[in-house]
>>> print(open('query-v2.txt').read())   # compact mmCIF, N, CA and C atoms
# COMPACT_ATOMS: atom_id res chain seq x y z
N MET A 1107 0.85 -1.18 0.00
CA MET A 1107 0.00 0.00 0.00
C MET A 1107 0.89 1.24 0.00
N ASN A 1108 0.54 2.21 -0.80
CA ASN A 1108 1.32 3.45 -0.87
C ASN A 1108 0.95 4.37 0.29
N ASP A 1109 1.96 4.92 0.92
CA ASP A 1109 1.76 5.84 2.05
C ASP A 1109 1.74 7.26 1.51
N LEU A 1110 0.54 7.80 1.33
CA LEU A 1110 0.39 9.14 0.77
C LEU A 1110 0.94 10.22 1.70
N SER A 1111 1.17 9.89 2.96
CA SER A 1111 1.73 10.88 3.89
C SER A 1111 3.19 11.21 3.54
N LEU A 1112 3.80 10.38 2.70
CA LEU A 1112 5.18 10.64 2.26
C LEU A 1112 5.25 11.74 1.20
N LEU A 1113 4.10 12.14 0.69
CA LEU A 1113 4.05 13.05 -0.46
C LEU A 1113 3.78 14.48 -0.04
N ASN A 1114 4.41 15.40 -0.78
CA ASN A 1114 4.05 16.81 -0.60
C ASN A 1114 2.76 17.06 -1.36
N PRO A 1115 2.12 18.21 -1.19
CA PRO A 1115 0.80 18.44 -1.81
C PRO A 1115 0.76 18.25 -3.32
N ILE A 1116 1.75 18.74 -4.04
CA ILE A 1116 1.71 18.61 -5.51
C ILE A 1116 1.94 17.16 -5.93
N GLU A 1117 2.82 16.45 -5.24
CA GLU A 1117 3.03 15.03 -5.55
C GLU A 1117 1.75 14.24 -5.31
N ARG A 1118 1.09 14.56 -4.21
CA ARG A 1118 -0.17 13.86 -3.89
C ARG A 1118 -1.23 14.15 -4.95
N LYS A 1119 -1.32 15.40 -5.37
CA LYS A 1119 -2.30 15.79 -6.39
C LYS A 1119 -2.04 15.03 -7.70
N VAL A 1120 -0.76 14.98 -8.10
CA VAL A 1120 -0.41 14.25 -9.32
C VAL A 1120 -0.76 12.77 -9.16
N TYR A 1121 -0.33 12.18 -8.07
CA TYR A 1121 -0.57 10.75 -7.85
C TYR A 1121 -2.06 10.42 -7.89
N GLU A 1122 -2.87 11.25 -7.27
CA GLU A 1122 -4.31 10.99 -7.21
C GLU A 1122 -5.00 11.14 -8.57
N CYS A 1123 -4.35 11.78 -9.52
CA CYS A 1123 -4.91 11.94 -10.87
C CYS A 1123 -4.53 10.80 -11.81
N ILE A 1124 -3.63 9.93 -11.37
CA ILE A 1124 -3.16 8.85 -12.24
C ILE A 1124 -4.10 7.66 -12.11
N PRO A 1125 -4.61 7.15 -13.24
CA PRO A 1125 -5.55 6.02 -13.19
C PRO A 1125 -4.85 4.70 -12.84
N LEU A 1126 -5.61 3.79 -12.31
CA LEU A 1126 -5.13 2.45 -11.99
C LEU A 1126 -5.16 1.59 -13.24
N GLY A 1127 -4.03 1.00 -13.57
CA GLY A 1127 -3.94 0.09 -14.70
C GLY A 1127 -3.62 0.77 -16.01
N SER A 1128 -3.08 -0.02 -16.92
CA SER A 1128 -2.58 0.51 -18.19
C SER A 1128 -3.66 0.68 -19.26
N ALA A 1129 -4.88 0.27 -18.99
CA ALA A 1129 -5.94 0.34 -20.00
C ALA A 1129 -6.26 1.77 -20.41
N HIS A 1130 -6.17 2.71 -19.48
CA HIS A 1130 -6.52 4.10 -19.77
C HIS A 1130 -5.51 5.06 -19.14
N PRO A 1131 -4.28 5.07 -19.67
CA PRO A 1131 -3.26 5.96 -19.08
C PRO A 1131 -3.62 7.42 -19.31
N ILE A 1132 -3.10 8.28 -18.45
CA ILE A 1132 -3.33 9.71 -18.59
C ILE A 1132 -2.08 10.33 -19.21
N SER A 1133 -2.27 11.15 -20.22
CA SER A 1133 -1.13 11.77 -20.90
C SER A 1133 -0.47 12.79 -19.97
N GLN A 1134 0.79 13.05 -20.25
CA GLN A 1134 1.52 14.05 -19.48
C GLN A 1134 0.85 15.41 -19.58
N LYS A 1135 0.38 15.73 -20.76
CA LYS A 1135 -0.30 17.02 -20.98
C LYS A 1135 -1.58 17.11 -20.16
N ASP A 1136 -2.40 16.07 -20.20
CA ASP A 1136 -3.64 16.08 -19.42
C ASP A 1136 -3.37 16.12 -17.92
N LEU A 1137 -2.37 15.38 -17.50
CA LEU A 1137 -2.00 15.39 -16.08
C LEU A 1137 -1.54 16.78 -15.66
N ALA A 1138 -0.74 17.42 -16.49
CA ALA A 1138 -0.27 18.78 -16.20
C ALA A 1138 -1.45 19.75 -16.11
N ASN A 1139 -2.38 19.63 -17.05
CA ASN A 1139 -3.58 20.50 -17.02
C ASN A 1139 -4.42 20.26 -15.78
N ASN A 1140 -4.57 19.00 -15.39
CA ASN A 1140 -5.38 18.66 -14.22
C ASN A 1140 -4.81 19.22 -12.92
N VAL A 1141 -3.49 19.26 -12.81
CA VAL A 1141 -2.88 19.72 -11.56
C VAL A 1141 -2.38 21.16 -11.64
N GLY A 1142 -2.46 21.77 -12.83
CA GLY A 1142 -2.06 23.17 -12.98
C GLY A 1142 -0.57 23.39 -12.97
N THR A 1143 0.15 22.53 -13.69
CA THR A 1143 1.60 22.68 -13.78
C THR A 1143 2.04 22.36 -15.20
N SER A 1144 3.34 22.35 -15.44
CA SER A 1144 3.86 22.08 -16.79
C SER A 1144 4.13 20.59 -16.97
N GLY A 1145 4.24 20.19 -18.22
CA GLY A 1145 4.57 18.80 -18.53
C GLY A 1145 5.93 18.42 -17.96
N ARG A 1146 6.87 19.33 -18.04
CA ARG A 1146 8.21 19.07 -17.50
C ARG A 1146 8.14 18.83 -15.99
N SER A 1147 7.33 19.62 -15.29
CA SER A 1147 7.16 19.43 -13.84
C SER A 1147 6.52 18.08 -13.54
N VAL A 1148 5.54 17.70 -14.36
CA VAL A 1148 4.90 16.40 -14.17
C VAL A 1148 5.94 15.29 -14.29
N ALA A 1149 6.80 15.35 -15.29
CA ALA A 1149 7.83 14.32 -15.48
C ALA A 1149 8.75 14.25 -14.25
N GLU A 1150 9.13 15.39 -13.72
CA GLU A 1150 9.98 15.41 -12.52
C GLU A 1150 9.25 14.85 -11.31
N ILE A 1151 7.98 15.20 -11.17
CA ILE A 1151 7.19 14.70 -10.04
C ILE A 1151 7.02 13.19 -10.14
N ILE A 1152 6.76 12.68 -11.34
CA ILE A 1152 6.63 11.23 -11.54
C ILE A 1152 7.94 10.55 -11.13
N GLN A 1153 9.06 11.14 -11.52
CA GLN A 1153 10.35 10.58 -11.14
C GLN A 1153 10.51 10.55 -9.62
N HIS A 1154 10.13 11.64 -8.94
CA HIS A 1154 10.21 11.68 -7.48
C HIS A 1154 9.31 10.61 -6.86
N LEU A 1155 8.10 10.46 -7.40
CA LEU A 1155 7.19 9.44 -6.89
C LEU A 1155 7.79 8.04 -7.04
N ARG A 1156 8.37 7.78 -8.20
CA ARG A 1156 9.00 6.47 -8.43
C ARG A 1156 10.17 6.26 -7.46
N HIS A 1157 10.96 7.31 -7.24
CA HIS A 1157 12.08 7.21 -6.30
C HIS A 1157 11.61 6.94 -4.88
N LYS A 1158 10.40 7.35 -4.57
CA LYS A 1158 9.82 7.09 -3.25
C LYS A 1158 9.15 5.71 -3.19
N GLY A 1159 9.20 4.98 -4.29
CA GLY A 1159 8.68 3.62 -4.31
C GLY A 1159 7.27 3.46 -4.84
N PHE A 1160 6.68 4.52 -5.36
CA PHE A 1160 5.34 4.42 -5.92
C PHE A 1160 5.44 3.77 -7.30
N LEU A 1161 4.62 2.76 -7.54
CA LEU A 1161 4.69 1.97 -8.77
C LEU A 1161 3.85 2.64 -9.86
N ILE A 1162 4.52 3.47 -10.62
CA ILE A 1162 3.88 4.21 -11.71
C ILE A 1162 4.51 3.75 -13.02
N GLY A 1163 3.67 3.26 -13.89
CA GLY A 1163 4.12 2.83 -15.20
C GLY A 1163 3.82 3.90 -16.23
N SER A 1164 4.37 3.69 -17.41
CA SER A 1164 4.05 4.59 -18.51
C SER A 1164 3.99 3.80 -19.80
N SER A 1165 3.14 4.27 -20.67
CA SER A 1165 2.95 3.64 -21.96
C SER A 1165 3.38 4.62 -23.04
N ARG A 1166 4.00 4.13 -24.07
CA ARG A 1166 4.42 4.99 -25.18
C ARG A 1166 3.70 4.61 -26.46
N ALA A 1167 2.48 4.15 -26.34
CA ALA A 1167 1.67 3.77 -27.50
C ALA A 1167 1.05 5.03 -28.09
N TYR A 1168 1.77 5.65 -29.04
CA TYR A 1168 1.32 6.92 -29.62
C TYR A 1168 0.24 6.70 -30.66
N PRO A 1169 -0.66 7.64 -30.87
CA PRO A 1169 -0.90 8.83 -30.06
C PRO A 1169 -1.84 8.52 -28.90
N ALA A 1170 -2.84 7.67 -29.16
CA ALA A 1170 -3.78 7.33 -28.08
C ALA A 1170 -3.14 6.23 -27.25
N GLY A 1171 -3.34 6.29 -25.96
CA GLY A 1171 -2.83 5.23 -25.10
C GLY A 1171 -1.47 5.50 -24.51
N SER A 1172 -0.88 6.66 -24.79
CA SER A 1172 0.39 6.97 -24.14
C SER A 1172 0.11 7.76 -22.88
N GLY A 1173 0.89 7.51 -21.87
CA GLY A 1173 0.71 8.24 -20.63
C GLY A 1173 1.08 7.41 -19.42
N TYR A 1174 0.69 7.91 -18.27
CA TYR A 1174 1.04 7.30 -16.98
C TYR A 1174 -0.14 6.53 -16.41
N TYR A 1175 0.18 5.51 -15.63
CA TYR A 1175 -0.83 4.72 -14.93
C TYR A 1175 -0.20 4.11 -13.68
N ILE A 1176 -1.03 3.79 -12.71
CA ILE A 1176 -0.56 3.09 -11.52
C ILE A 1176 -0.54 1.60 -11.87
N ILE A 1177 0.60 1.00 -11.67
CA ILE A 1177 0.79 -0.42 -12.01
C ILE A 1177 -0.14 -1.26 -11.14
N SER A 1178 -0.92 -2.14 -11.83
CA SER A 1178 -1.92 -2.92 -11.10
C SER A 1178 -1.71 -4.42 -11.15
N ASN A 1179 -0.71 -4.88 -11.94
CA ASN A 1179 -0.48 -6.33 -12.00
C ASN A 1179 0.97 -6.62 -12.39
N ASP A 1180 1.35 -7.87 -12.29
CA ASP A 1180 2.73 -8.27 -12.58
C ASP A 1180 3.14 -7.94 -14.01
N ASN A 1181 2.25 -8.15 -14.97
CA ASN A 1181 2.57 -7.87 -16.37
C ASN A 1181 2.92 -6.39 -16.57
N GLU A 1182 2.12 -5.50 -16.00
CA GLU A 1182 2.40 -4.06 -16.10
C GLU A 1182 3.72 -3.72 -15.42
N PHE A 1183 3.99 -4.35 -14.29
CA PHE A 1183 5.24 -4.10 -13.57
C PHE A 1183 6.44 -4.48 -14.44
N TYR A 1184 6.42 -5.68 -15.00
CA TYR A 1184 7.56 -6.13 -15.79
C TYR A 1184 7.68 -5.39 -17.12
N LEU A 1185 6.58 -4.99 -17.71
CA LEU A 1185 6.65 -4.15 -18.92
C LEU A 1185 7.31 -2.81 -18.60
N SER A 1186 6.95 -2.24 -17.46
CA SER A 1186 7.55 -0.96 -17.04
C SER A 1186 9.04 -1.12 -16.79
N LEU A 1187 9.42 -2.18 -16.09
CA LEU A 1187 10.85 -2.42 -15.85
C LEU A 1187 11.61 -2.62 -17.15
N GLY A 1188 10.99 -3.33 -18.08
CA GLY A 1188 11.64 -3.54 -19.38
C GLY A 1188 11.87 -2.24 -20.12
N MET A 1189 10.87 -1.36 -20.09
CA MET A 1189 10.99 -0.08 -20.76
C MET A 1189 12.09 0.78 -20.11
N LEU A 1190 12.10 0.80 -18.78
CA LEU A 1190 13.12 1.59 -18.06
C LEU A 1190 14.52 1.02 -18.30
N THR A 1191 14.63 -0.30 -18.33
CA THR A 1191 15.92 -0.95 -18.58
C THR A 1191 16.42 -0.62 -19.99
N ALA A 1192 15.53 -0.67 -20.96
CA ALA A 1192 15.92 -0.34 -22.34
C ALA A 1192 16.38 1.12 -22.43
N SER A 1193 15.70 2.02 -21.73
CA SER A 1193 16.10 3.43 -21.72
C SER A 1193 17.49 3.59 -21.10
N ARG A 1194 17.69 2.89 -19.97
CA ARG A 1194 18.99 2.95 -19.31
C ARG A 1194 20.09 2.42 -20.22
N ASN A 1195 19.85 1.30 -20.89
CA ASN A 1195 20.85 0.73 -21.78
C ASN A 1195 21.17 1.66 -22.94
N ASN A 1196 20.16 2.32 -23.47
CA ASN A 1196 20.37 3.26 -24.57
C ASN A 1196 21.22 4.45 -24.10
N LEU A 1197 20.93 4.96 -22.91
CA LEU A 1197 21.73 6.07 -22.37
C LEU A 1197 23.17 5.64 -22.12
N THR A 1198 23.37 4.43 -21.63
CA THR A 1198 24.73 3.92 -21.40
C THR A 1198 25.50 3.84 -22.71
N LYS A 1199 24.87 3.38 -23.77
CA LYS A 1199 25.53 3.31 -25.07
C LYS A 1199 25.91 4.72 -25.56
N THR A 1200 24.99 5.66 -25.39
CA THR A 1200 25.25 7.04 -25.81
C THR A 1200 26.43 7.63 -25.03
N ILE A 1201 26.42 7.45 -23.72
CA ILE A 1201 27.51 7.97 -22.87
C ILE A 1201 28.83 7.34 -23.28
N SER A 1202 28.85 6.04 -23.48
CA SER A 1202 30.09 5.34 -23.86
C SER A 1202 30.63 5.86 -25.19
N ALA A 1203 29.75 6.03 -26.16
CA ALA A 1203 30.19 6.51 -27.48
C ALA A 1203 30.72 7.93 -27.39
N MET A 1204 30.05 8.79 -26.64
CA MET A 1204 30.51 10.18 -26.50
C MET A 1204 31.83 10.25 -25.74
N MET A 1205 31.96 9.46 -24.67
CA MET A 1205 33.21 9.45 -23.90
C MET A 1205 34.37 8.95 -24.76
N LYS A 1206 34.11 7.91 -25.54
CA LYS A 1206 35.15 7.35 -26.41
C LYS A 1206 35.61 8.41 -27.41
N ARG A 1207 34.65 9.04 -28.06
CA ARG A 1207 34.99 10.06 -29.06
C ARG A 1207 35.76 11.22 -28.42
N TYR A 1208 35.29 11.68 -27.26
CA TYR A 1208 35.95 12.81 -26.58
C TYR A 1208 37.34 12.43 -26.10
N THR A 1209 37.49 11.25 -25.52
CA THR A 1209 38.81 10.87 -25.00
C THR A 1209 39.81 10.66 -26.13
N GLU A 1210 39.34 10.28 -27.29
CA GLU A 1210 40.24 10.08 -28.42
C GLU A 1210 40.55 11.37 -29.16
N HIS A 1211 39.58 12.28 -29.24
CA HIS A 1211 39.73 13.46 -30.08
C HIS A 1211 39.54 14.78 -29.36
N GLY A 1212 39.02 14.78 -28.16
CA GLY A 1212 38.69 16.04 -27.50
C GLY A 1212 37.58 16.74 -28.27
N LEU A 1213 37.54 18.05 -28.17
CA LEU A 1213 36.52 18.80 -28.90
C LEU A 1213 36.91 19.06 -30.35
N ASP A 1214 38.19 18.95 -30.63
CA ASP A 1214 38.69 19.10 -32.01
C ASP A 1214 38.62 17.74 -32.69
N GLN A 1215 37.67 17.56 -33.59
CA GLN A 1215 37.44 16.27 -34.22
C GLN A 1215 38.59 15.83 -35.14
N ASN A 1216 39.48 16.75 -35.47
CA ASN A 1216 40.59 16.41 -36.36
C ASN A 1216 41.86 16.04 -35.60
N LYS A 1217 41.84 16.15 -34.29
CA LYS A 1217 43.04 15.93 -33.48
C LYS A 1217 42.88 14.67 -32.64
N LYS A 1218 43.92 13.85 -32.62
CA LYS A 1218 43.93 12.68 -31.74
C LYS A 1218 44.32 13.12 -30.35
N LYS A 1219 43.71 12.54 -29.34
CA LYS A 1219 43.97 12.91 -27.95
C LYS A 1219 44.05 11.65 -27.12
N LYS A 1220 44.98 11.61 -26.19
CA LYS A 1220 45.10 10.46 -25.29
C LYS A 1220 44.15 10.64 -24.12
N PRO A 1221 43.40 9.60 -23.74
CA PRO A 1221 42.52 9.72 -22.58
C PRO A 1221 43.31 9.74 -21.28
N THR A 1222 42.77 10.44 -20.30
CA THR A 1222 43.38 10.44 -18.97
C THR A 1222 42.94 9.20 -18.23
N GLU A 1223 43.59 8.91 -17.12
CA GLU A 1223 43.23 7.74 -16.32
C GLU A 1223 41.78 7.86 -15.82
N GLY A 1224 41.37 9.04 -15.38
CA GLY A 1224 40.01 9.24 -14.90
C GLY A 1224 38.98 9.01 -15.99
N GLN A 1225 39.29 9.45 -17.20
CA GLN A 1225 38.37 9.24 -18.32
C GLN A 1225 38.26 7.76 -18.65
N LEU A 1226 39.36 7.04 -18.57
CA LEU A 1226 39.32 5.60 -18.83
C LEU A 1226 38.47 4.88 -17.78
N ASP A 1227 38.52 5.36 -16.52
CA ASP A 1227 37.70 4.79 -15.46
C ASP A 1227 36.21 4.99 -15.77
N LEU A 1228 35.84 6.17 -16.29
CA LEU A 1228 34.44 6.42 -16.64
C LEU A 1228 33.98 5.47 -17.74
N LEU A 1229 34.84 5.25 -18.74
CA LEU A 1229 34.50 4.34 -19.82
C LEU A 1229 34.31 2.93 -19.30
N LYS A 1230 35.18 2.52 -18.38
CA LYS A 1230 35.10 1.18 -17.80
C LYS A 1230 33.78 1.01 -17.06
N ASP A 1231 33.33 2.05 -16.34
CA ASP A 1231 32.08 2.00 -15.57
C ASP A 1231 30.87 1.88 -16.48
N CYS A 1232 30.96 2.38 -17.71
CA CYS A 1232 29.82 2.35 -18.64
C CYS A 1232 29.67 0.99 -19.30
N ASN A 1233 30.67 0.17 -19.26
CA ASN A 1233 30.59 -1.13 -19.96
C ASN A 1233 30.14 -2.23 -19.07
>>> encode(input="query-v2.txt", output="structure tokens")
Amino acid sequence: MNDLSLLNPIERKVYECIPLGSAHPISQKDLANNVGTSGRSVAEIIQHLRHKGFLIGSSRAYPAGSGYYIISNDNEFYLSLGMLTASRNNLTKTISAMMKRYTEHGLDQNKKKKPTEGQLDLLKDCN
């Protein structure tokens, strides 16, 4: 059971507007309109709620069916974890590629550059 006492007023307002289950997710835009804030703020609030342990899933089925929902079953939970894991893996690949390019060339794309020990440690952490 989620402890709503852990939430500040805006987090509670956002949470209470999110429907149960993935059948009818609420879009970020609609959620922002309902609570009187911006879409960017909604995304940050959702992240805070998730960090506090609230099980909030999201669907990216564009255009209809994309949005947030309260996870109501195992399937929704594992679909959400899969989506978050794929996002994390994509970001790790992007970071690794950018670090590799920077450590080899710096900001001057025509110049070869030797990586520092600290930069090599960052690359190692990304793999």
>>> atom_distance(input="query-v2.txt", atom1="atom CA of A:Tyr1175", atom2="atom CA of A:Arg1194")
20.4 Å
>>> atom_distance(input="query-v2.txt", atom1="atom N of A:Ile1162", atom2="atom C of A:Ile1177")
6.7 Å
>>> select_by_dssp(input="query-v2.txt", residues="stretch 1152-1220 of chain A", states="helix (DSSP H, G or I)", output="JSON, numbers by chain")
{"A": [1152, 1153, 1154, 1155, 1156, 1157, 1180, 1181, 1182, 1183, 1184, 1185, 1186, 1187, 1188, 1189, 1190, 1191, 1192, 1193, 1194, 1195, 1196, 1197, 1198, 1199, 1200, 1201, 1202, 1203, 1204, 1205, 1206, 1207, 1208, 1209, 1210, 1211]}
>>> closest_atom_pairs(input="query-v2.txt", of="stretch 1159-1211 of chain A", to="stretch 1132-1150 of chain A", cutoff="6 Å", atoms="all atoms listed in the file", output="tab-separated table")
residue	atom	partner	partner_atom	distance
A:Ser1172	C	A:Ser1133	CA	4.6
A:Gly1173	CA	A:Ile1132	C	3.8
A:Tyr1174	N	A:Ile1132	C	3.8
A:Tyr1175	N	A:Ile1132	N	5.1
>>> atom_distance(input="query-v2.txt", atom1="atom CA of A:Leu1197", atom2="atom CA of A:Arg1118")
29.7 Å
>>> select_by_dssp(input="query-v2.txt", residues="chain A", states="strand (DSSP E or B)", output="NGL selection string")
:A and (1126 or 1132 or 1162-1166 or 1172-1176)
>>> decode(input="query-v2.txt", residues="stretch 1142-1162 of chain A", atoms="N, CA, C and O atoms", output="PDB file, in the first residue's frame")
ATOM      1  N   GLY A1142      -2.461  21.767 -12.826  1.00  0.00           N
ATOM      2  CA  GLY A1142      -2.063  23.165 -12.984  1.00  0.00           C
ATOM      3  C   GLY A1142      -0.571  23.385 -12.967  1.00  0.00           C
ATOM      4  O   GLY A1142      -0.066  24.311 -12.329  1.00  0.00           O
ATOM      5  N   THR A1143       0.150  22.533 -13.687  1.00  0.00           N
ATOM      6  CA  THR A1143       1.603  22.681 -13.777  1.00  0.00           C
ATOM      7  C   THR A1143       2.041  22.358 -15.201  1.00  0.00           C
ATOM      8  O   THR A1143       1.216  22.105 -16.071  1.00  0.00           O
ATOM      9  N   SER A1144       3.340  22.352 -15.444  1.00  0.00           N
ATOM     10  CA  SER A1144       3.861  22.077 -16.787  1.00  0.00           C
ATOM     11  C   SER A1144       4.132  20.586 -16.970  1.00  0.00           C
ATOM     12  O   SER A1144       4.262  19.837 -16.000  1.00  0.00           O
ATOM     13  N   GLY A1145       4.236  20.188 -18.220  1.00  0.00           N
ATOM     14  CA  GLY A1145       4.574  18.802 -18.529  1.00  0.00           C
ATOM     15  C   GLY A1145       5.929  18.416 -17.964  1.00  0.00           C
ATOM     16  O   GLY A1145       6.117  17.303 -17.475  1.00  0.00           O
ATOM     17  N   ARG A1146       6.868  19.331 -18.041  1.00  0.00           N
ATOM     18  CA  ARG A1146       8.207  19.072 -17.498  1.00  0.00           C
ATOM     19  C   ARG A1146       8.136  18.828 -15.986  1.00  0.00           C
ATOM     20  O   ARG A1146       8.786  17.923 -15.462  1.00  0.00           O
ATOM     21  N   SER A1147       7.334  19.622 -15.289  1.00  0.00           N
ATOM     22  CA  SER A1147       7.157  19.430 -13.843  1.00  0.00           C
ATOM     23  C   SER A1147       6.520  18.082 -13.544  1.00  0.00           C
ATOM     24  O   SER A1147       6.908  17.403 -12.589  1.00  0.00           O
ATOM     25  N   VAL A1148       5.543  17.696 -14.355  1.00  0.00           N
ATOM     26  CA  VAL A1148       4.904  16.398 -14.171  1.00  0.00           C
ATOM     27  C   VAL A1148       5.941  15.286 -14.289  1.00  0.00           C
ATOM     28  O   VAL A1148       5.973  14.368 -13.458  1.00  0.00           O
ATOM     29  N   ALA A1149       6.805  15.347 -15.294  1.00  0.00           N
ATOM     30  CA  ALA A1149       7.830  14.322 -15.479  1.00  0.00           C
ATOM     31  C   ALA A1149       8.748  14.246 -14.254  1.00  0.00           C
ATOM     32  O   ALA A1149       9.098  13.151 -13.790  1.00  0.00           O
ATOM     33  N   GLU A1150       9.128  15.391 -13.716  1.00  0.00           N
ATOM     34  CA  GLU A1150       9.985  15.414 -12.525  1.00  0.00           C
ATOM     35  C   GLU A1150       9.248  14.854 -11.309  1.00  0.00           C
ATOM     36  O   GLU A1150       9.829  14.110 -10.514  1.00  0.00           O
ATOM     37  N   ILE A1151       7.978  15.199 -11.174  1.00  0.00           N
ATOM     38  CA  ILE A1151       7.187  14.702 -10.042  1.00  0.00           C
ATOM     39  C   ILE A1151       7.020  13.185 -10.137  1.00  0.00           C
ATOM     40  O   ILE A1151       7.158  12.468  -9.139  1.00  0.00           O
ATOM     41  N   ILE A1152       6.755  12.680 -11.339  1.00  0.00           N
ATOM     42  CA  ILE A1152       6.633  11.229 -11.536  1.00  0.00           C
ATOM     43  C   ILE A1152       7.938  10.551 -11.127  1.00  0.00           C
ATOM     44  O   ILE A1152       7.937   9.521 -10.443  1.00  0.00           O
ATOM     45  N   GLN A1153       9.057  11.140 -11.521  1.00  0.00           N
ATOM     46  CA  GLN A1153      10.355  10.576 -11.145  1.00  0.00           C
ATOM     47  C   GLN A1153      10.514  10.552  -9.622  1.00  0.00           C
ATOM     48  O   GLN A1153      10.949   9.546  -9.051  1.00  0.00           O
ATOM     49  N   HIS A1154      10.134  11.641  -8.941  1.00  0.00           N
ATOM     50  CA  HIS A1154      10.207  11.679  -7.478  1.00  0.00           C
ATOM     51  C   HIS A1154       9.309  10.605  -6.858  1.00  0.00           C
ATOM     52  O   HIS A1154       9.706   9.944  -5.896  1.00  0.00           O
ATOM     53  N   LEU A1155       8.104  10.459  -7.402  1.00  0.00           N
ATOM     54  CA  LEU A1155       7.192   9.437  -6.889  1.00  0.00           C
ATOM     55  C   LEU A1155       7.791   8.039  -7.045  1.00  0.00           C
ATOM     56  O   LEU A1155       7.730   7.218  -6.121  1.00  0.00           O
ATOM     57  N   ARG A1156       8.366   7.775  -8.200  1.00  0.00           N
ATOM     58  CA  ARG A1156       9.003   6.472  -8.427  1.00  0.00           C
ATOM     59  C   ARG A1156      10.168   6.264  -7.462  1.00  0.00           C
ATOM     60  O   ARG A1156      10.363   5.160  -6.948  1.00  0.00           O
ATOM     61  N   HIS A1157      10.957   7.311  -7.240  1.00  0.00           N
ATOM     62  CA  HIS A1157      12.083   7.207  -6.301  1.00  0.00           C
ATOM     63  C   HIS A1157      11.605   6.936  -4.880  1.00  0.00           C
ATOM     64  O   HIS A1157      12.341   6.356  -4.077  1.00  0.00           O
ATOM     65  N   LYS A1158      10.400   7.351  -4.571  1.00  0.00           N
ATOM     66  CA  LYS A1158       9.816   7.086  -3.248  1.00  0.00           C
ATOM     67  C   LYS A1158       9.154   5.711  -3.189  1.00  0.00           C
ATOM     68  O   LYS A1158       8.601   5.329  -2.170  1.00  0.00           O
ATOM     69  N   GLY A1159       9.203   4.981  -4.293  1.00  0.00           N
ATOM     70  CA  GLY A1159       8.678   3.619  -4.315  1.00  0.00           C
ATOM     71  C   GLY A1159       7.273   3.460  -4.839  1.00  0.00           C
ATOM     72  O   GLY A1159       6.718   2.355  -4.792  1.00  0.00           O
ATOM     73  N   PHE A1160       6.677   4.520  -5.358  1.00  0.00           N
ATOM     74  CA  PHE A1160       5.337   4.420  -5.923  1.00  0.00           C
ATOM     75  C   PHE A1160       5.439   3.766  -7.299  1.00  0.00           C
ATOM     76  O   PHE A1160       6.265   4.158  -8.120  1.00  0.00           O
ATOM     77  N   LEU A1161       4.615   2.756  -7.538  1.00  0.00           N
ATOM     78  CA  LEU A1161       4.687   1.975  -8.771  1.00  0.00           C
ATOM     79  C   LEU A1161       3.849   2.635  -9.858  1.00  0.00           C
ATOM     80  O   LEU A1161       2.657   2.388  -9.998  1.00  0.00           O
ATOM     81  N   ILE A1162       4.524   3.475 -10.620  1.00  0.00           N
ATOM     82  CA  ILE A1162       3.878   4.208 -11.708  1.00  0.00           C
ATOM     83  C   ILE A1162       4.506   3.751 -13.019  1.00  0.00           C
ATOM     84  O   ILE A1162       5.725   3.841 -13.195  1.00  0.00           O
TER      85      ILE A1162
END
